[in-house]
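Below is entry.csv, holding CSV, C-alpha atoms.
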```csv
chain,number,residue,atom,x,y,z
Y,750,MET,CA,6.3,-24.8,-14.5
Y,751,THR,CA,6.2,-28.3,-12.9
Y,752,ASP,CA,3.9,-29.3,-10.1
Y,753,VAL,CA,4.9,-27.8,-6.7
Y,754,LYS,CA,6.0,-30.5,-4.4
Y,755,VAL,CA,4.4,-30.6,-1.0
Y,756,GLY,CA,5.4,-32.5,2.1
Y,757,SER,CA,9.1,-32.6,1.2
Y,758,ASN,CA,11.7,-32.9,3.9
Y,759,PRO,CA,13.4,-29.5,4.0
Y,760,LEU,CA,16.6,-31.1,5.2
Y,761,PHE,CA,17.0,-33.1,2.0
Y,762,LEU,CA,15.9,-30.7,-0.7
Y,763,ARG,CA,16.7,-31.8,-4.2
Y,764,ASP,CA,17.9,-29.4,-6.9
Y,765,GLU,CA,14.5,-29.4,-8.6
Y,766,GLU,CA,12.8,-28.4,-5.4
Y,767,LEU,CA,15.2,-25.5,-4.9
Y,768,ILE,CA,14.7,-24.4,-8.6
Y,769,GLN,CA,10.9,-24.5,-8.0
Y,770,GLY,CA,11.3,-22.3,-5.0
Y,771,ILE,CA,13.3,-19.8,-7.0
Y,772,GLU,CA,10.8,-19.9,-9.9
Y,773,LEU,CA,7.8,-19.4,-7.5
Y,774,LEU,CA,9.6,-16.4,-6.0
Y,775,PHE,CA,10.0,-14.9,-9.5
Y,776,TYR,CA,6.3,-15.4,-10.2
Y,777,ALA,CA,5.3,-14.1,-6.8
Y,778,TYR,CA,7.5,-11.0,-7.2
Y,779,ARG,CA,6.0,-10.3,-10.7
Y,780,ASP,CA,2.5,-10.3,-9.4
Y,781,PHE,CA,3.2,-8.7,-6.0
Y,782,THR,CA,4.8,-5.7,-7.8
Y,783,GLY,CA,2.3,-5.5,-10.7
Y,784,ASP,CA,-0.4,-3.5,-8.9
Y,785,PRO,CA,2.0,-0.9,-7.5
Y,786,ASP,CA,3.7,-0.7,-10.9
Y,787,ALA,CA,0.5,0.5,-12.4
Y,788,VAL,CA,0.1,3.2,-9.7
Y,789,LEU,CA,3.7,4.3,-10.1
Y,790,ALA,CA,3.3,4.6,-13.9
Y,791,GLU,CA,0.7,7.3,-13.3
Y,792,TYR,CA,3.4,9.4,-11.8
Y,793,GLY,CA,6.2,8.4,-14.2
Y,794,PHE,CA,7.9,6.6,-11.2
Y,795,GLY,CA,9.5,3.2,-11.0
Y,796,ARG,CA,10.2,0.5,-8.4
Y,797,ALA,CA,13.1,2.5,-7.0
Y,798,HIS,CA,10.6,5.3,-6.1
Y,799,HIS,CA,8.4,2.7,-4.5
Y,800,ARG,CA,11.2,1.3,-2.3
Y,801,VAL,CA,12.2,4.8,-1.2
Y,802,VAL,CA,8.6,5.8,-0.3
Y,803,HIS,CA,8.1,2.4,1.5
Y,804,PHE,CA,11.2,2.7,3.7
Y,805,VAL,CA,10.7,6.4,4.5
Y,806,SER,CA,7.1,5.6,5.4
Y,807,ARG,CA,8.2,2.9,7.7
Y,808,ASN,CA,11.1,4.9,9.2
Y,809,PRO,CA,10.1,8.6,9.4
Y,810,GLY,CA,13.1,10.8,10.1
Y,811,MET,CA,15.6,8.3,8.7
Y,812,SER,CA,18.8,9.8,7.3
Y,813,VAL,CA,19.9,9.5,3.7
Y,814,ALA,CA,22.8,7.4,4.9
Y,815,GLU,CA,20.4,4.9,6.6
Y,816,LEU,CA,18.3,4.7,3.5
Y,817,LEU,CA,21.4,4.0,1.4
Y,818,GLU,CA,22.3,1.2,3.8
Y,819,ILE,CA,18.9,-0.4,3.5
Y,820,LEU,CA,18.6,-0.1,-0.3
Y,821,ARG,CA,22.3,-0.8,-1.1
Y,822,ILE,CA,22.4,1.4,-4.1
Y,823,THR,CA,24.8,4.2,-5.1
Y,824,LYS,CA,24.4,7.8,-3.8
Y,825,GLN,CA,24.0,8.8,-7.4
Y,826,SER,CA,21.0,6.4,-8.0
Y,827,LEU,CA,19.3,7.5,-4.8
Y,828,SER,CA,20.0,11.1,-5.5
Y,829,ARG,CA,18.1,11.0,-8.8
Y,830,VAL,CA,15.1,9.2,-7.3
Y,831,LEU,CA,15.0,11.2,-4.1
Y,832,SER,CA,15.3,14.5,-6.0
Y,833,GLN,CA,12.2,13.6,-8.0
Y,834,LEU,CA,10.2,12.7,-4.9
Y,835,VAL,CA,11.3,15.9,-3.1
Y,836,GLU,CA,10.6,18.1,-6.1
Y,837,ARG,CA,7.2,16.6,-6.7
Y,838,GLY,CA,6.2,17.0,-3.0
Y,839,PHE,CA,6.2,13.4,-1.8
Y,840,ILE,CA,9.1,13.6,0.5
Y,841,MET,CA,10.5,16.5,2.6
Y,842,GLN,CA,14.0,16.7,3.9
Y,843,LYS,CA,14.9,18.3,7.3
Y,844,GLN,CA,18.3,19.2,8.6
Y,845,GLY,CA,19.5,17.0,11.4
Y,846,THR,CA,19.4,18.6,14.9
Y,847,ARG,CA,22.8,17.2,16.0
Y,848,ASP,CA,24.5,17.2,12.7
Y,849,ARG,CA,23.4,20.0,10.3
Y,850,ARG,CA,24.9,18.1,7.3
Y,851,GLN,CA,22.5,15.2,8.0
Y,852,ARG,CA,19.3,15.1,5.9
Y,853,LEU,CA,16.3,13.5,7.6
Y,854,LEU,CA,13.5,12.2,5.4
Y,855,TYR,CA,9.8,12.3,6.0
Y,856,LEU,CA,6.8,11.7,3.8
Y,857,THR,CA,4.5,14.6,3.1
Y,858,GLU,CA,0.8,14.2,3.2
Y,859,THR,CA,0.9,13.5,-0.6
Y,860,GLY,CA,3.7,11.0,0.0
Y,861,THR,CA,1.7,9.3,2.7
Y,862,ASP,CA,-1.3,9.0,0.3
Y,863,LEU,CA,1.0,7.5,-2.3
Y,864,ALA,CA,2.5,5.0,0.2
Y,865,GLU,CA,-1.0,3.9,1.1
Y,866,ARG,CA,-2.1,3.5,-2.5
Y,867,LEU,CA,1.0,1.4,-3.2
Y,868,ALA,CA,0.7,-0.8,-0.1
Y,869,GLU,CA,-3.1,-1.4,-0.2
Y,870,PRO,CA,-3.1,-4.0,-3.1
Y,871,GLN,CA,0.0,-5.6,-1.7
Y,872,LYS,CA,-1.6,-5.9,1.8
Y,873,ARG,CA,-4.7,-7.5,0.2
Y,874,ARG,CA,-2.5,-10.0,-1.7
Y,875,MET,CA,-0.5,-10.8,1.5
Y,876,ALA,CA,-3.7,-11.2,3.6
Y,877,ARG,CA,-5.2,-13.6,1.1
Y,878,ALA,CA,-2.1,-15.6,0.8
Y,879,TYR,CA,-1.7,-15.8,4.6
Y,880,ARG,CA,-5.3,-16.8,5.0
Y,881,GLU,CA,-5.0,-19.6,2.4
Y,882,ALA,CA,-1.7,-20.8,3.8
Y,883,GLY,CA,-2.6,-20.9,7.5
Y,884,ALA,CA,-0.8,-19.7,10.6
Y,885,ASP,CA,2.0,-22.3,10.6
Y,886,ALA,CA,2.8,-21.6,7.0
Y,887,VAL,CA,3.0,-17.8,7.7
Y,888,GLU,CA,5.6,-18.4,10.4
Y,889,GLY,CA,7.5,-20.7,8.1
Y,890,TYR,CA,7.3,-18.1,5.2
Y,891,ARG,CA,8.8,-15.5,7.5
Y,892,LYS,CA,11.6,-17.8,8.5
Y,893,VAL,CA,12.4,-18.6,4.9
Y,894,LEU,CA,12.4,-14.9,3.9
Y,895,ALA,CA,14.6,-14.1,6.8
Y,896,GLY,CA,16.9,-16.9,5.8
Y,897,LEU,CA,17.2,-15.4,2.3
Y,898,ILE,CA,18.6,-12.1,3.8
Y,899,GLY,CA,22.4,-12.1,4.0
Y,900,GLU,CA,23.8,-12.9,7.4
Y,901,GLY,CA,25.5,-9.5,7.6
Y,902,SER,CA,22.2,-7.6,7.7
Y,903,ARG,CA,19.6,-10.3,8.8
Y,904,GLU,CA,19.8,-9.4,12.5
Y,905,ALA,CA,19.5,-5.7,11.9
Y,906,VAL,CA,16.4,-6.2,9.7
Y,907,LEU,CA,14.8,-8.5,12.3
Y,908,ARG,CA,15.7,-6.0,15.1
Y,909,SER,CA,14.0,-3.2,13.1
Y,910,PHE,CA,10.7,-5.2,13.2
Y,911,ARG,CA,11.0,-5.7,17.0
Y,912,ARG,CA,11.3,-1.9,17.5
Y,913,ARG,CA,8.0,-1.2,15.8
```
Could you quickly redo this structure as structure tokens?
Amino acid sequence: MTDVKVGSNPLFLRDEELIQGIELLFYAYRDFTGDPDAVLAEYGFGRAHHRVVHFVSRNPGMSVAELLEILRITKQSLSRVLSQLVERGFIMQKQGTRDRRQRLLYLTETGTDLAERLAEPQKRRMARAYREAGADAVEGYRKVLAGLIGEGSREAVLRSFRRR
């Protein structure tokens, strides 16, 4: 990888600077997911399981339809992962109160423990990176990540953070 350029004017990014950003994102993702991958492997789970556990943890009582909207995967893909998590006691499903066909998702105590084990090394990594980058960079990083989210769902994602 070539040296990372600093002090570039973001309004006049060259192709090489954009490619560096993409490459850094690949490396960061590799390392950011590495620690949780090792925990998931203990259970025979993969990253899809991690995403489901994360979003159910952050949104207790969410419906399967809401989870499908967030993950943007097929019902069949979610069904396989969700079935494993339910059968193994990490997630419980409750019937909706207004619509009995609705399935609402909650982590069990075991699921909460797993969510914490998965998040802990990622929180440490984020805290270290934030400390090293400084407050202005943290805000810039959030803006860049928000900018990477498609316009169709960006506002909904940002609104979900404001509700918490």
Using only C-alpha atoms, pick whichever of Y:Arg850, Y:Arg837, Y:Arg829, Y:Arg866 has the shortest atom-to-atom distance to Leu789 of chain Y.
->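 Comparing Y:Arg850, Y:Arg837, Y:Arg829, Y:Arg866 against Leu789 of chain Y, the winner is Y:Arg866.
Residue nearest Glu869 of chain Y within the list Y:Arg891, Y:His803, Y:His798, Y:Arg908: Y:His803 [criterion: smallest interatomic distance, only C-alpha atoms].
Ranking Y:Leu773, Y:Leu767, Y:Ala787, Y:Val887 by their shortest atom-to-atom distance to Leu867 of chain Y, with all atoms listed in the file included, puts Y:Ala787 first.
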Tell me, in Å to one decimal, how far atom CA of Val893 of chain Y is from atom CA of Gly770 of chain Y.
->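 Answer for the atom CA of Val893 of chain Y to atom CA of Gly770 of chain Y separation: 10.6 Å.
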Could you tell me how far atom CA of Arg796 of chain Y lies from atom CA of Thr782 of chain Y, in Å and to one decimal?
-> 8.2 Å
Atom CA of Val813 of chain Y to atom CA of Leu853 of chain Y, distance in Å rounded to a single decimal |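 Value for the atom CA of Val813 of chain Y-atom CA of Leu853 of chain Y distance: 6.6 Å.
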Close residues, Gln833 of chain Y itself excluded, 12 Å, all atoms listed in the file, min 2 positions apart in chain, as a ChimeraX atom specification | /Y:792-795,797-798,801-802,826-831,835-841,860
Near Asp780 of chain Y, within 12 Å and counting all atoms listed in the file, which residues show up once chain neighbours fewer than 4 positions away are dropped, as a list in words?
->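 Once the nearby chain positions are removed, what remains is Leu773, Leu774, Phe775, Tyr776, Asp784, Pro785, Asp786, Ala787, Pro870, Gln871, Arg874 and Met875 of chain Y.
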Any chance you could export the current selection's C-alpha atoms as an mmCIF file, keeping the file's coordinate frame?
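Output file out05.cif follows:
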```cif
data_model
loop_
_atom_site.group_PDB
_atom_site.id
_atom_site.type_symbol
_atom_site.label_atom_id
_atom_site.label_comp_id
_atom_site.auth_asym_id
_atom_site.auth_seq_id
_atom_site.Cartn_x
_atom_site.Cartn_y
_atom_site.Cartn_z
ATOM 1 C CA LEU Y 773 7.800 -19.400 -7.500
ATOM 2 C CA LEU Y 774 9.600 -16.400 -6.000
ATOM 3 C CA PHE Y 775 10.000 -14.900 -9.500
ATOM 4 C CA TYR Y 776 6.300 -15.400 -10.200
ATOM 5 C CA ASP Y 784 -0.400 -3.500 -8.900
ATOM 6 C CA PRO Y 785 2.000 -0.900 -7.500
ATOM 7 C CA ASP Y 786 3.700 -0.700 -10.900
ATOM 8 C CA ALA Y 787 0.500 0.500 -12.400
ATOM 9 C CA PRO Y 870 -3.100 -4.000 -3.100
ATOM 10 C CA GLN Y 871 0.000 -5.600 -1.700
ATOM 11 C CA ARG Y 874 -2.500 -10.000 -1.700
ATOM 12 C CA MET Y 875 -0.500 -10.800 1.500
#
```
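Between Lys872 of chain Y and the candidates Y:Phe781, Y:Ser812, Y:Leu907, Y:Gln842, the tightest atom-to-atom separation, counting all atoms listed in the file, involves Y:Phe781.
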Please identify all polymer residues within 12 Å of Ser902 of chain Y, counting only C-alpha atoms, omitting same-chain residues fewer than 4 positions from it, and present them as a list in words.
->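 Skipping anything fewer than 4 positions along the chain leaves Glu818, Ile819, Leu820, Arg821, Ala895, Gly896, Leu897, Ile898, Val906, Leu907, Arg908 and Ser909 of chain Y.
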